>>> print(open('structure_30.cif').read())   # mmCIF, C-alpha atoms and all ligand atoms
data_my_file
#
loop_
_atom_site.label_atom_id
_atom_site.label_comp_id
_atom_site.auth_asym_id
_atom_site.auth_seq_id
_atom_site.Cartn_x
_atom_site.Cartn_y
_atom_site.Cartn_z
CA MET A 1 61.54 -92.49 161.80
CA LEU A 2 57.91 -91.69 161.04
CA LEU A 3 58.32 -88.41 162.90
CA THR A 4 61.40 -87.49 160.82
CA VAL A 5 59.59 -88.33 157.58
CA SER A 6 56.56 -86.24 158.64
CA ILE A 7 58.74 -83.26 159.53
CA VAL A 8 60.65 -83.45 156.21
CA ILE A 9 57.39 -83.74 154.21
CA ALA A 10 55.87 -80.82 156.15
CA ALA A 11 58.98 -78.68 155.55
CA LEU A 12 59.02 -79.45 151.80
CA LEU A 13 55.28 -78.73 151.51
CA GLY A 14 55.92 -75.53 153.49
CA LEU A 15 58.58 -74.44 150.98
CA ALA A 16 56.19 -75.11 148.08
CA PHE A 17 53.24 -73.31 149.70
CA GLY A 18 55.56 -70.49 150.82
CA SER A 19 56.62 -70.11 147.19
CA PHE A 20 52.98 -70.02 146.05
CA LEU A 21 52.28 -67.49 148.81
CA ASN A 22 55.00 -65.22 147.34
CA VAL A 23 53.19 -65.28 143.99
CA CYS A 24 49.91 -64.34 145.73
CA LEU A 25 51.59 -61.60 147.80
CA THR A 26 53.05 -59.99 144.68
CA ARG A 27 50.04 -60.39 142.38
CA TRP A 28 47.00 -59.85 144.65
CA PRO A 29 47.82 -56.20 145.45
CA ALA A 30 48.42 -55.60 141.71
CA GLU A 31 45.09 -57.31 140.93
CA GLU A 32 46.73 -59.91 138.69
CA SER A 33 45.88 -63.60 138.29
CA VAL A 34 47.93 -65.94 140.52
CA VAL A 35 47.91 -68.74 137.90
CA LYS A 36 48.66 -66.96 134.63
CA PRO A 37 51.19 -65.97 133.29
CA ARG A 38 54.05 -68.18 134.54
CA SER A 39 56.50 -66.79 137.11
CA HIS A 40 58.55 -63.97 135.65
CA CYS A 41 60.86 -61.13 136.63
CA ARG A 42 58.83 -58.08 137.78
CA ASN A 43 61.37 -55.80 136.08
CA CYS A 44 62.13 -57.29 132.61
CA THR A 45 59.33 -59.92 132.31
CA HIS A 46 61.95 -62.70 131.76
CA THR A 47 60.09 -66.01 132.35
CA LEU A 48 61.76 -68.05 135.08
CA SER A 49 63.18 -71.46 134.13
CA TRP A 50 62.44 -74.49 136.33
CA TRP A 51 65.54 -74.16 138.52
CA GLU A 52 64.98 -70.44 139.12
CA ASN A 53 61.57 -71.39 140.48
CA ILE A 54 62.88 -73.83 143.12
CA PRO A 55 61.95 -72.39 146.51
CA LEU A 56 64.89 -70.98 148.50
CA LEU A 57 67.54 -72.66 146.28
CA GLY A 58 66.56 -70.65 143.18
CA TRP A 59 67.06 -67.37 145.03
CA ILE A 60 70.41 -68.52 146.46
CA LEU A 61 71.69 -69.71 143.05
CA LEU A 62 70.64 -66.38 141.50
CA ARG A 63 72.23 -64.53 144.46
CA GLY A 64 69.02 -62.53 144.77
CA ARG A 65 69.22 -61.01 141.27
CA CYS A 66 67.37 -61.58 137.98
CA ARG A 67 69.47 -63.59 135.50
CA GLU A 68 68.54 -61.27 132.61
CA CYS A 69 68.38 -57.72 133.92
CA HIS A 70 70.12 -58.18 137.32
CA ALA A 71 67.30 -56.39 139.14
CA ALA A 72 67.26 -57.31 142.84
CA ILE A 73 64.74 -59.96 143.94
CA GLY A 74 63.51 -59.04 147.43
CA VAL A 75 64.67 -60.94 150.54
CA ARG A 76 60.93 -61.39 151.19
CA TYR A 77 60.88 -64.31 148.71
CA PRO A 78 63.29 -66.68 150.49
CA ALA A 79 62.18 -65.34 153.89
CA VAL A 80 58.50 -66.24 153.36
CA GLU A 81 59.46 -69.70 152.03
CA LEU A 82 61.73 -70.33 155.01
CA VAL A 83 59.18 -69.09 157.58
CA VAL A 84 56.29 -71.20 156.19
CA ALA A 85 58.56 -74.27 155.98
CA ALA A 86 59.75 -73.78 159.58
CA LEU A 87 56.20 -73.22 160.92
CA TRP A 88 54.86 -76.30 159.14
CA ALA A 89 57.79 -78.50 160.23
CA TYR A 90 57.23 -77.35 163.82
CA THR A 91 53.50 -78.10 163.50
CA ALA A 92 54.24 -81.66 162.28
CA TRP A 93 56.70 -82.11 165.13
CA SER A 94 54.22 -80.97 167.76
CA PHE A 95 51.23 -82.89 166.39
CA ILE A 96 52.59 -86.29 165.41
CA PRO A 97 53.18 -88.29 168.59
CA THR A 98 56.68 -89.73 168.90
CA MET A 99 55.56 -93.17 170.05
CA PRO A 100 54.76 -95.29 166.96
CA GLY A 101 52.29 -97.39 168.95
CA MET A 102 50.27 -94.23 169.58
CA LEU A 103 49.50 -93.86 165.88
CA PHE A 104 46.90 -96.60 165.93
CA PRO A 105 43.94 -96.86 165.78
CA THR A 106 43.76 -95.11 162.41
CA PRO A 107 40.92 -92.67 163.33
CA MET A 108 43.29 -91.04 165.78
CA LEU A 109 45.98 -90.65 163.13
CA ALA A 110 43.42 -89.13 160.76
CA PHE A 111 42.21 -86.77 163.51
CA LEU A 112 45.78 -85.62 164.28
CA ILE A 113 46.61 -85.09 160.61
CA ILE A 114 43.47 -83.01 160.02
CA ALA A 115 44.16 -80.98 163.19
CA ALA A 116 47.76 -80.37 162.03
CA VAL A 117 46.59 -79.34 158.54
CA MET A 118 44.11 -76.86 160.07
CA GLN A 119 46.89 -75.35 162.21
CA ALA A 120 49.10 -75.18 159.09
CA ILE A 121 46.37 -73.29 157.16
CA PHE A 122 45.94 -70.83 160.06
CA LEU A 123 49.71 -70.16 160.23
CA TRP A 124 49.91 -69.76 156.43
CA LEU A 125 47.08 -67.22 156.56
CA LEU A 126 48.84 -65.26 159.32
CA VAL A 127 52.13 -65.11 157.37
CA CYS A 128 50.14 -63.92 154.34
CA LEU A 129 48.36 -61.15 156.28
CA ALA A 130 51.59 -60.13 158.06
CA VAL A 131 53.36 -59.49 154.74
CA LEU A 132 50.36 -57.73 153.14
CA ASP A 133 50.09 -55.36 156.11
CA THR A 134 53.86 -54.70 156.11
CA GLU A 135 54.03 -53.99 152.38
CA HIS A 136 50.62 -52.39 151.73
CA LEU A 137 48.99 -51.70 155.16
CA TRP A 138 46.25 -53.92 153.78
CA LEU A 139 44.30 -56.69 155.56
CA PRO A 140 41.84 -57.81 152.88
CA ASP A 141 38.34 -58.92 153.90
CA ARG A 142 38.54 -61.83 151.48
CA LEU A 143 41.18 -63.35 153.79
CA THR A 144 40.04 -62.29 157.28
CA LEU A 145 36.32 -63.05 156.84
CA PRO A 146 36.78 -66.62 155.48
CA GLY A 147 39.48 -66.93 158.18
CA ILE A 148 36.87 -66.21 160.89
CA GLY A 149 34.45 -68.72 159.30
CA LEU A 150 37.04 -71.48 158.98
CA GLY A 151 38.26 -71.02 162.56
CA LEU A 152 34.71 -71.33 163.92
CA ALA A 153 33.99 -74.33 161.64
CA VAL A 154 37.02 -76.13 163.12
CA PHE A 155 35.60 -75.79 166.62
CA ILE A 156 32.17 -76.99 165.50
CA ALA A 157 33.65 -80.06 163.77
CA GLN A 158 36.28 -80.97 166.39
CA PRO A 159 34.08 -82.07 169.35
CA PHE A 160 31.64 -83.92 167.09
CA ALA A 161 34.52 -85.76 165.40
CA LEU A 162 36.03 -86.62 168.80
CA SER A 163 32.78 -87.98 170.23
CA TRP A 164 32.09 -89.93 167.02
CA ILE A 165 35.56 -91.53 166.99
CA SER A 166 35.52 -92.37 170.71
CA SER A 167 32.14 -94.07 170.28
CA MET A 168 33.76 -96.47 167.80
CA VAL A 169 37.23 -97.14 169.15
CA GLU A 170 39.27 -96.74 172.32
CA PHE A 171 40.47 -93.15 172.04
CA PRO A 172 42.78 -91.19 174.34
CA PHE A 173 40.97 -87.89 173.71
CA THR A 174 37.28 -87.58 174.39
CA ALA A 175 34.87 -84.72 173.99
CA ASN A 176 33.63 -84.90 177.56
CA LEU A 177 31.23 -81.97 177.40
CA GLU A 178 28.02 -83.60 178.66
CA GLY A 179 27.74 -81.54 181.84
CA THR A 180 28.42 -78.24 180.11
CA ARG A 181 25.75 -75.79 179.10
CA PHE A 182 26.08 -76.09 175.34
CA GLY A 183 27.11 -79.77 175.18
CA LEU A 184 29.15 -80.53 172.09
CA TRP A 185 28.63 -76.92 170.95
CA THR A 186 30.67 -75.61 173.92
CA PRO A 187 34.02 -75.16 172.06
CA PHE A 188 32.19 -73.27 169.29
CA ALA A 189 30.39 -71.07 171.86
CA ILE A 190 33.70 -70.25 173.58
CA HIS A 191 35.55 -69.44 170.34
CA PHE A 192 32.58 -67.50 168.92
CA GLY A 193 32.52 -65.44 172.13
CA ALA A 194 36.27 -64.80 171.85
CA ALA A 195 35.84 -63.64 168.22
CA VAL A 196 33.00 -61.25 169.10
CA LEU A 197 34.65 -59.87 172.25
CA GLY A 198 38.02 -59.52 170.50
CA GLY A 199 36.35 -57.55 167.70
CA ILE A 200 34.42 -55.34 170.15
CA LEU A 201 37.58 -54.65 172.18
CA MET A 202 39.41 -53.51 169.03
CA LEU A 203 36.44 -51.34 167.99
CA LEU A 204 36.53 -49.62 171.40
CA ILE A 205 40.29 -49.03 171.11
CA ARG A 206 39.72 -47.67 167.60
CA TRP A 207 37.03 -45.24 168.78
CA GLY A 208 39.09 -44.22 171.81
CA TYR A 209 42.09 -43.45 169.62
CA GLN A 210 39.95 -41.48 167.16
CA ILE A 211 38.46 -39.36 169.96
CA LEU A 212 41.82 -38.72 171.67
CA ARG A 213 44.01 -38.14 168.61
CA GLY A 214 41.45 -36.97 166.08
CA ARG A 215 42.58 -39.44 163.41
CA GLU A 216 42.33 -43.11 162.56
CA GLY A 217 44.92 -45.25 164.36
CA LEU A 218 43.45 -48.70 163.82
CA GLY A 219 41.79 -49.82 160.62
CA LEU A 220 38.70 -52.00 160.45
CA GLY A 221 41.03 -54.66 158.99
CA ASP A 222 42.71 -54.92 162.41
CA VAL A 223 39.27 -55.37 164.04
CA LYS A 224 38.44 -58.30 161.73
CA LEU A 225 41.92 -59.77 162.18
CA VAL A 226 41.47 -59.88 165.98
CA ALA A 227 38.04 -61.49 165.51
CA MET A 228 39.80 -64.12 163.35
CA LEU A 229 42.45 -64.66 166.06
CA GLY A 230 39.67 -65.06 168.64
CA ALA A 231 37.86 -67.64 166.48
CA TRP A 232 40.99 -69.78 166.15
CA LEU A 233 42.73 -69.21 169.48
CA GLY A 234 39.89 -68.85 172.00
CA PRO A 235 39.65 -66.25 174.80
CA GLN A 236 42.84 -67.07 176.72
CA ASN A 237 45.20 -67.35 173.76
CA VAL A 238 43.77 -64.34 171.92
CA LEU A 239 44.80 -62.28 174.97
CA VAL A 240 48.31 -63.73 174.69
CA ALA A 241 48.36 -62.67 171.03
CA LEU A 242 47.13 -59.14 171.87
CA VAL A 243 49.73 -58.67 174.63
CA ALA A 244 52.52 -59.98 172.35
CA ALA A 245 51.37 -57.67 169.52
CA THR A 246 51.26 -54.64 171.85
CA VAL A 247 54.77 -55.34 173.19
CA LEU A 248 56.11 -55.74 169.62
CA GLY A 249 54.30 -52.57 168.53
CA MET A 250 55.81 -50.56 171.40
CA ILE A 251 59.33 -51.86 170.64
CA ALA A 252 58.84 -50.85 166.98
CA ALA A 253 57.54 -47.41 167.99
CA VAL A 254 60.55 -46.79 170.27
CA ALA A 255 62.90 -47.90 167.46
CA LEU A 256 61.11 -45.52 165.08
CA ILE A 257 61.45 -42.54 167.47
CA ARG A 258 65.16 -43.30 168.01
CA ALA A 259 65.78 -43.56 164.26
CA ALA A 260 64.01 -40.20 163.71
CA ARG A 261 66.16 -38.56 166.44
CA LEU A 262 69.36 -40.00 164.91
CA ARG A 263 68.40 -38.56 161.53
CA GLU A 264 67.60 -35.27 163.30
CA GLN A 265 64.10 -35.15 161.89
CA PRO A 266 61.76 -32.56 163.44
CA GLU A 267 60.30 -33.53 166.80
CA GLY A 268 57.14 -35.61 166.47
CA SER A 269 57.59 -36.35 162.74
CA TRP A 270 57.79 -40.08 163.55
CA ALA A 271 54.11 -39.96 164.49
CA ALA A 272 53.23 -39.59 160.81
CA THR A 273 54.87 -42.94 159.97
CA PRO A 274 52.10 -45.57 160.05
CA LEU A 275 53.03 -48.76 161.92
CA PRO A 276 51.54 -51.98 160.49
CA PHE A 277 49.80 -53.10 163.69
CA GLY A 278 48.26 -56.01 161.75
CA THR A 279 51.76 -57.44 161.26
CA PHE A 280 52.36 -57.41 165.02
CA LEU A 281 48.93 -59.01 165.56
CA CYS A 282 49.84 -61.79 163.10
CA ILE A 283 53.19 -62.43 164.79
CA GLY A 284 51.42 -62.42 168.19
CA GLY A 285 48.87 -64.88 166.75
CA ILE A 286 51.63 -67.22 165.54
CA VAL A 287 53.41 -67.09 168.92
CA SER A 288 50.12 -67.75 170.70
CA ALA A 289 49.09 -70.61 168.37
CA LEU A 290 52.40 -72.38 168.98
CA TRP A 291 53.11 -71.60 172.64
CA GLY A 292 49.97 -69.93 174.04
CA GLU A 293 49.13 -72.61 176.62
CA ARG A 294 52.71 -72.72 177.87
CA ILE A 295 52.92 -68.92 178.13
CA VAL A 296 49.65 -68.80 180.14
CA ALA A 297 50.83 -71.64 182.43
CA ALA A 298 54.21 -69.93 182.99
CA TYR A 299 52.47 -66.61 183.76
CA MET A 300 50.04 -68.31 186.18
CA SER A 301 52.82 -70.00 188.15
CA PHE A 302 54.88 -66.77 188.10
CA ALA A 303 51.93 -64.77 189.44
CA GLY A 304 51.30 -67.48 192.06
CA LEU A 305 47.82 -68.17 190.71
CA ARG A 306 48.33 -71.91 190.46
ZN ZN B 401 64.67 -59.25 135.08
#
>>> encode(input="structure_30.cif", output="structure tokens")
Amino acid sequence: MLLTVSIVIAALLGLAFGSFLNVCLTRWPAEESVVKPRSHCRNCTHTLSWWENIPLLGWILLRGRCRECHAAIGVRYPAVELVVAALWAYTAWSFIPTMPGMLFPTPMLAFLIIAAVMQAIFLWLLVCLAVLDTEHLWLPDRLTLPGIGLGLAVFIAQPFALSWISSMVEFPFTANLEGTRFGLWTPFAIHFGAAVLGGILMLLIRWGYQILRGREGLGLGDVKLVAMLGAWLGPQNVLVALVAATVLGMIAAVALIRAARLREQPEGSWAATPLPFGTFLCIGGIVSALWGERIVAAYMSFAGLR
């Protein structure tokens, strides 16, 4: 019951924050305010009435067209709302334990809720960056840099919160880091290292590409995005994200070459089409945030390492 309620609340909040994200995604690149004026058609400036503003439902009722001028409203709008809602519902489902007895003592519930909210913010940020890179090949510093800071802050706060709570009440999770080199700072040290190494790795790939091909293949935005993934995911899961992004990027490149051949474009012309690698990195990051541990465990047992 409590689990169902949490999932429904998370999905509804996801729809609302997905809807707000759409406003940001349209107005940030145009350097407009995200609060004023009220939501309107980008074509005829018709101000949307309350029901046209309902996430998902508004778009369906309008059949994807403006009521006044019938200009098409992009599929991106309902898609972003649906994706954020699904990711947040899944986060609630994976964080809130199914056994009601497990929800007490209250500090544990508070800890789980905060952890779930942090994961929700990270996923929201990744959806945001994925769309910006798809539509504008743009990974703004004002998102990636605070993203790095917030990710690291989470792993400073988490072990201290755990050790504080377990000193007060019986707690199933403990921050048992006494024997480790950095004590309670160990998770931060690990995630900080993953952010730095991830960034350095991307810088090396960037330089390598520039030397080999004589032009820029990876932007500095991608470098900062990988540092952000490292800060949130840690060394093992950031590798999962990088591998997933590379596989997705290669599939997209093959699809691009095939499409160019079908349209009988001159040989090699596909190489001029920029691929939004940041989008693949964001999708890889989402996959890794949700299933990273399981993917690593499956790979380990497949490779006979465990
Ligand atoms: Zn219109």
>>> residues_near_ligand(input="structure_30.cif", ligand="ligand ZN 401 (chain B)", cutoff="7 Å", atoms="all atoms listed in the file", output="PyMOL selection string")
chain A and resi 41-46+66-71
>>> closest_atom_pairs(input="structure_30.cif", of="segment 278-304 of chain A", to="segment 241-253 of chain A", cutoff="12 Å", atoms="all atoms listed in the file", output="tab-separated table")
residue	atom	partner	partner_atom	distance
A:Gly278	CA	A:Ala245	CA	8.5
A:Thr279	CA	A:Ala245	CA	8.3
A:Phe280	CA	A:Ala245	CA	4.6
A:Leu281	CA	A:Ala245	CA	4.8
A:Cys282	CA	A:Ala245	CA	7.8
A:Ile283	CA	A:Ala245	CA	7.0
A:Gly284	CA	A:Ala241	CA	4.2
A:Gly285	CA	A:Ala241	CA	4.8
A:Ile286	CA	A:Ala241	CA	7.8
A:Val287	CA	A:Ala241	CA	7.0
A:Ser288	CA	A:Ala241	CA	5.4
A:Ala289	CA	A:Ala241	CA	8.4
A:Leu290	CA	A:Ala241	CA	10.7
A:Trp291	CA	A:Ala241	CA	10.2
A:Gly292	CA	A:Ala241	CA	8.0
A:Glu293	CA	A:Ala241	CA	11.4
A:Ile295	CA	A:Ala241	CA	10.5
A:Val296	CA	A:Ala241	CA	11.1
>>> closest_residue(input="structure_30.cif", among="A:Ile205, A:Leu82, A:Met228, A:Ala72", to="Ile148 of chain A", atoms="only C-alpha atoms")
A:Met228
>>> residues_around(input="structure_30.cif", residues="Trp185 of chain A", least_positions_apart="2", cutoff="10 Å", atoms="only C-alpha atoms", output="number ranges by chain")
A: 155-160, 177, 180-183, 187-190
>>> atom_distance(input="structure_30.cif", atom1="atom CA of Pro55 of chain A", atom2="atom CA of Ala116 of chain A")
22.5 Å
>>> atom_distance(input="structure_30.cif", atom1="atom CA of Thr144 of chain A", atom2="atom CA of Val84 of chain A")
18.6 Å
>>> closest_residue(input="structure_30.cif", among="A:Gly230, A:Ala153, A:Asp133, A:Leu256", to="Thr273 of chain A", atoms="only C-alpha atoms")
A:Leu256
>>> closest_residue(input="structure_30.cif", among="A:Ala16, A:Phe122, A:Leu109, A:Gly58", to="Ile165 of chain A", atoms="all atoms listed in the file")
A:Leu109
>>> closest_residue(input="structure_30.cif", among="A:Leu143, A:Ile200, A:Met1, A:Val154", to="Leu129 of chain A", atoms="only C-alpha atoms")
A:Leu143
>>> atom_distance(input="structure_30.cif", atom1="atom CA of Ile96 of chain A", atom2="atom CA of Val169 of chain A")
19.2 Å
>>> residues_around(input="structure_30.cif", residues="Gly18 of chain A", least_positions_apart="4", cutoff="9 Å", atoms="only C-alpha atoms", output="PyMOL selection string")
chain A and resi 13-14+22-23+55+77-85+124
>>> write_last_selection(input="structure_30.cif", atoms="C-alpha atoms", output="short mmCIF file (atom, residue, chain, number, x, y, z; two decimals), keeping the file's coordinate frame")
data_model
loop_
_atom_site.label_atom_id
_atom_site.label_comp_id
_atom_site.auth_asym_id
_atom_site.auth_seq_id
_atom_site.Cartn_x
_atom_site.Cartn_y
_atom_site.Cartn_z
CA LEU A 13 55.28 -78.73 151.51
CA GLY A 14 55.92 -75.53 153.49
CA ASN A 22 55.00 -65.22 147.34
CA VAL A 23 53.19 -65.28 143.99
CA PRO A 55 61.95 -72.39 146.51
CA TYR A 77 60.88 -64.31 148.71
CA PRO A 78 63.29 -66.68 150.49
CA ALA A 79 62.18 -65.34 153.89
CA VAL A 80 58.50 -66.24 153.36
CA GLU A 81 59.46 -69.70 152.03
CA LEU A 82 61.73 -70.33 155.01
CA VAL A 83 59.18 -69.09 157.58
CA VAL A 84 56.29 -71.20 156.19
CA ALA A 85 58.56 -74.27 155.98
CA TRP A 124 49.91 -69.76 156.43
#
>>> residues_around(input="structure_30.cif", residues="Arg206 of chain A", least_positions_apart="6", cutoff="12 Å", atoms="only C-alpha atoms", output="list in words")
Gly199, Ile200, Leu212, Arg213, Gly214, Arg215, Glu216, Gly217, Leu218, Gly219, Leu220, Gly221, Asp222 and Val223 of chain A
>>> residues_around(input="structure_30.cif", residues="Val117 of chain A", least_positions_apart="5", cutoff="10 Å", atoms="all atoms listed in the file", output="list of chain:residue names")
A:Ala10, A:Trp88, A:Thr91, A:Ala92, A:Phe95, A:Phe111, A:Leu112, A:Phe122, A:Leu123
>>> closest_residue(input="structure_30.cif", among="A:Phe192, A:Trp59, A:Trp164, A:Phe17", to="Asn176 of chain A", atoms="all atoms listed in the file")
A:Trp164
